[in-house]
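K.L.:
First, the structure itself, so that you have it in front of you.
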Amino acid sequence: MHQKLDCLAKTGYVVLNDYRGPAIPSAEWESLEYMDWKSGGDTNFAPLASATGQMDCRGFWDHGKADKYGLWTSNRDIAPNLTRYVEEIGGNYGRVRVIKLNPSDEATALRQLHRDDNNRLNPEGTGWVVRSWLELDDTAGQSQFILREDKDDPSTETRITLHPGMQLLIDTERLWHVVWHPGPRPRYSLITSWETDKVIDHWIKRETRKDKAGSRQLLGARR
Ligand SMILES: [Fe+2]
């Protein structure tokens, strides 16, 4: 048995407050080195942290590691604000990467519903690994996270409309998931694997409080 968070027990996901930190210029995610890696659609991935620090999209298990204790890649120097975002959360991160998702139609997206393999080699008794998303661009009311408890049962489905600055935490080994992104431009999002522990529990509590004024413009100005 792994240690899991109570706040994820019921639904397997939590929508956090929008990001309110310093502005992150769009040049950070647009200038990263991307690799051709298909997962959940027509995708490319820019590794920011990998199992070894090399530019590598493979699972950490290929290197004998659980998806924790990620090491920064050379992309770190291109994206200091994205790196800071992860480091300031303060938890144990594994793979950290920016996804570039090209547009598709809904039927194509639904065929890509999948569950992640987040906990291979993760020792029993330690924290269950889940993933966070920070939506970067270009999802203003057009793109949806589609989540299902049962892949073949739409009645178990939740759809979350995405917008830049949105933060989500999802147990993607439990929930079938995919993003339907109609486009027309690619969608970018920062995805981080986290060991669920007290640090992440506190981060969720902090980022779901409703006591702050509305979010401000946070991500880079549009070109
Ligand atoms: Fe996934």
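Labels used: A, B, ... for chains in the order of the structure tokens, numbers from 1 for residues in each chain, and numbers from 1 for ligands as shown.
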Which residues sit within 7 Å of ligand 1, counting only C-alpha atoms and all ligand atoms, listed as a list in words?
P.N.:
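Residues lying within 7 Å of ligand 1: Ser39, Gly40, His114, Arg115, Asp116, Thr172, His177 and Val178 of chain A.
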K.L.:
Could you tell me, as a PyMOL selection string, which residues of stretch 24-165 of chain A DSSP assigns to helix (DSSP H, G or I) when given the backbone?
P.N.:
chain A and resi 26-30+60-63+74-77+80-89+106-110+154-156
K.L.:
Just to be explicit: take each residue in the selection above, keep N, CA and C atoms, and write the result as a PDB file, in the first residue's frame.
P.N.:
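The new file result-v1.pdb reads:
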ATOM      1  N   SER A  26       6.101  33.764 -22.549  1.00  0.00           N
ATOM      2  CA  SER A  26       5.810  32.642 -23.454  1.00  0.00           C
ATOM      3  C   SER A  26       7.084  32.132 -24.121  1.00  0.00           C
ATOM      4  N   ALA A  27       8.108  32.984 -24.182  1.00  0.00           N
ATOM      5  CA  ALA A  27       9.378  32.536 -24.791  1.00  0.00           C
ATOM      6  C   ALA A  27       9.941  31.328 -24.044  1.00  0.00           C
ATOM      7  N   GLU A  28       9.582  31.181 -22.747  1.00  0.00           N
ATOM      8  CA  GLU A  28      10.146  30.047 -21.998  1.00  0.00           C
ATOM      9  C   GLU A  28       9.688  28.711 -22.582  1.00  0.00           C
ATOM     10  N   TRP A  29       8.390  28.590 -22.834  1.00  0.00           N
ATOM     11  CA  TRP A  29       7.947  27.280 -23.338  1.00  0.00           C
ATOM     12  C   TRP A  29       8.120  27.173 -24.852  1.00  0.00           C
ATOM     13  N   GLU A  30       8.176  28.315 -25.526  1.00  0.00           N
ATOM     14  CA  GLU A  30       8.340  28.247 -26.980  1.00  0.00           C
ATOM     15  C   GLU A  30       9.789  27.989 -27.380  1.00  0.00           C
ATOM     16  N   PHE A  60      10.906   6.625 -15.826  1.00  0.00           N
ATOM     17  CA  PHE A  60      12.056   6.513 -14.932  1.00  0.00           C
ATOM     18  C   PHE A  60      12.433   5.048 -14.686  1.00  0.00           C
ATOM     19  N   TRP A  61      11.446   4.153 -14.886  1.00  0.00           N
ATOM     20  CA  TRP A  61      11.746   2.732 -14.630  1.00  0.00           C
ATOM     21  C   TRP A  61      12.835   2.211 -15.556  1.00  0.00           C
ATOM     22  N   ASP A  62      12.976   2.835 -16.730  1.00  0.00           N
ATOM     23  CA  ASP A  62      14.047   2.408 -17.631  1.00  0.00           C
ATOM     24  C   ASP A  62      15.418   2.626 -17.008  1.00  0.00           C
ATOM     25  N   HIS A  63      15.454   3.440 -15.972  1.00  0.00           N
ATOM     26  CA  HIS A  63      16.718   3.716 -15.275  1.00  0.00           C
ATOM     27  C   HIS A  63      16.679   3.183 -13.843  1.00  0.00           C
ATOM     28  N   SER A  74      19.093  20.227 -19.541  1.00  0.00           N
ATOM     29  CA  SER A  74      19.617  21.485 -20.105  1.00  0.00           C
ATOM     30  C   SER A  74      18.490  22.467 -20.410  1.00  0.00           C
ATOM     31  N   ASN A  75      17.245  21.991 -20.521  1.00  0.00           N
ATOM     32  CA  ASN A  75      16.122  22.898 -20.729  1.00  0.00           C
ATOM     33  C   ASN A  75      15.901  23.838 -19.541  1.00  0.00           C
ATOM     34  N   ARG A  76      16.447  23.462 -18.410  1.00  0.00           N
ATOM     35  CA  ARG A  76      16.266  24.302 -17.219  1.00  0.00           C
ATOM     36  C   ARG A  76      16.724  25.741 -17.450  1.00  0.00           C
ATOM     37  N   ASP A  77      17.828  25.891 -18.165  1.00  0.00           N
ATOM     38  CA  ASP A  77      18.386  27.232 -18.377  1.00  0.00           C
ATOM     39  C   ASP A  77      17.510  28.082 -19.280  1.00  0.00           C
ATOM     40  N   PRO A  80      13.691  29.469 -16.662  1.00  0.00           N
ATOM     41  CA  PRO A  80      13.932  29.658 -15.220  1.00  0.00           C
ATOM     42  C   PRO A  80      12.653  29.827 -14.405  1.00  0.00           C
ATOM     43  N   ASN A  81      11.632  30.428 -15.006  1.00  0.00           N
ATOM     44  CA  ASN A  81      10.392  30.626 -14.244  1.00  0.00           C
ATOM     45  C   ASN A  81       9.600  29.331 -14.091  1.00  0.00           C
ATOM     46  N   LEU A  82       9.627  28.494 -15.113  1.00  0.00           N
ATOM     47  CA  LEU A  82       8.955  27.197 -14.992  1.00  0.00           C
ATOM     48  C   LEU A  82       9.683  26.341 -13.952  1.00  0.00           C
ATOM     49  N   THR A  83      11.009  26.414 -13.960  1.00  0.00           N
ATOM     50  CA  THR A  83      11.804  25.678 -12.972  1.00  0.00           C
ATOM     51  C   THR A  83      11.496  26.170 -11.559  1.00  0.00           C
ATOM     52  N   ARG A  84      11.460  27.496 -11.413  1.00  0.00           N
ATOM     53  CA  ARG A  84      11.168  28.067 -10.101  1.00  0.00           C
ATOM     54  C   ARG A  84       9.786  27.645  -9.617  1.00  0.00           C
ATOM     55  N   TYR A  85       8.815  27.618 -10.527  1.00  0.00           N
ATOM     56  CA  TYR A  85       7.457  27.203 -10.163  1.00  0.00           C
ATOM     57  C   TYR A  85       7.490  25.824  -9.503  1.00  0.00           C
ATOM     58  N   VAL A  86       8.214  24.905 -10.098  1.00  0.00           N
ATOM     59  CA  VAL A  86       8.284  23.542  -9.548  1.00  0.00           C
ATOM     60  C   VAL A  86       9.047  23.539  -8.230  1.00  0.00           C
ATOM     61  N   GLU A  87      10.176  24.236  -8.194  1.00  0.00           N
ATOM     62  CA  GLU A  87      11.006  24.197  -6.987  1.00  0.00           C
ATOM     63  C   GLU A  87      10.305  24.852  -5.805  1.00  0.00           C
ATOM     64  N   GLU A  88       9.520  25.901  -6.063  1.00  0.00           N
ATOM     65  CA  GLU A  88       8.865  26.595  -4.960  1.00  0.00           C
ATOM     66  C   GLU A  88       7.732  25.766  -4.354  1.00  0.00           C
ATOM     67  N   ILE A  89       7.168  24.873  -5.126  1.00  0.00           N
ATOM     68  CA  ILE A  89       6.157  23.983  -4.521  1.00  0.00           C
ATOM     69  C   ILE A  89       6.830  23.145  -3.436  1.00  0.00           C
ATOM     70  N   GLU A 106     -12.772  15.709 -31.454  1.00  0.00           N
ATOM     71  CA  GLU A 106     -13.148  15.069 -30.195  1.00  0.00           C
ATOM     72  C   GLU A 106     -13.027  13.542 -30.269  1.00  0.00           C
ATOM     73  N   ALA A 107     -13.466  12.963 -31.376  1.00  0.00           N
ATOM     74  CA  ALA A 107     -13.433  11.495 -31.491  1.00  0.00           C
ATOM     75  C   ALA A 107     -11.997  10.982 -31.431  1.00  0.00           C
ATOM     76  N   THR A 108     -11.096  11.705 -32.078  1.00  0.00           N
ATOM     77  CA  THR A 108      -9.682  11.309 -32.053  1.00  0.00           C
ATOM     78  C   THR A 108      -9.133  11.399 -30.632  1.00  0.00           C
ATOM     79  N   ALA A 109      -9.502  12.472 -29.925  1.00  0.00           N
ATOM     80  CA  ALA A 109      -9.038  12.622 -28.541  1.00  0.00           C
ATOM     81  C   ALA A 109      -9.550  11.468 -27.683  1.00  0.00           C
ATOM     82  N   LEU A 110     -10.824  11.131 -27.818  1.00  0.00           N
ATOM     83  CA  LEU A 110     -11.405  10.080 -26.972  1.00  0.00           C
ATOM     84  C   LEU A 110     -10.723   8.726 -27.205  1.00  0.00           C
ATOM     85  N   PRO A 154     -19.201   6.529 -20.227  1.00  0.00           N
ATOM     86  CA  PRO A 154     -19.247   8.002 -20.219  1.00  0.00           C
ATOM     87  C   PRO A 154     -19.968   8.580 -19.007  1.00  0.00           C
ATOM     88  N   SER A 155     -20.780   7.760 -18.308  1.00  0.00           N
ATOM     89  CA  SER A 155     -21.468   8.305 -17.128  1.00  0.00           C
ATOM     90  C   SER A 155     -20.489   8.564 -15.985  1.00  0.00           C
ATOM     91  N   THR A 156     -19.282   8.038 -16.076  1.00  0.00           N
ATOM     92  CA  THR A 156     -18.256   8.278 -15.045  1.00  0.00           C
ATOM     93  C   THR A 156     -17.354   9.454 -15.410  1.00  0.00           C
TER      94      THR A 156
END
K.L.:
Set the distance at 9 Å and use only C-alpha atoms: which residues neighbour A:Val130 once local chain neighbours fewer than 5 positions away are removed? I'd like the list as a list in words.
P.N.:
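Surrounding residues, per the criterion: Asn118, Asn119, Leu169, Ile170, Asp171, Thr172, Glu173, Thr192, Ser193, Trp194, Glu195 and Thr196 of chain A.
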K.L.:
Here is a test: counting only C-alpha atoms, which residue of A:Lys151, A:Asp137, A:Arg206, A:Glu124 is nearest to A:Met1?
P.N.:
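The shortest atom-to-atom distance to A:Met1 comes from A:Glu124.
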K.L.:
Residues of stretch 134-201 of chain A classed as strand (DSSP E or B) by DSSP on the backbone are to be reported as an NGL selection string.
P.N.:
:A and (134-137 or 144-148 or 157-161 or 167-170 or 176-180 or 187-195)
K.L.:
Could you check the closest approach to A:Gly91 for each of A:Cys7, A:Ile78, A:Leu32, A:Val129 and tell me which residue wins, using only C-alpha atoms?
P.N.:
A:Val129
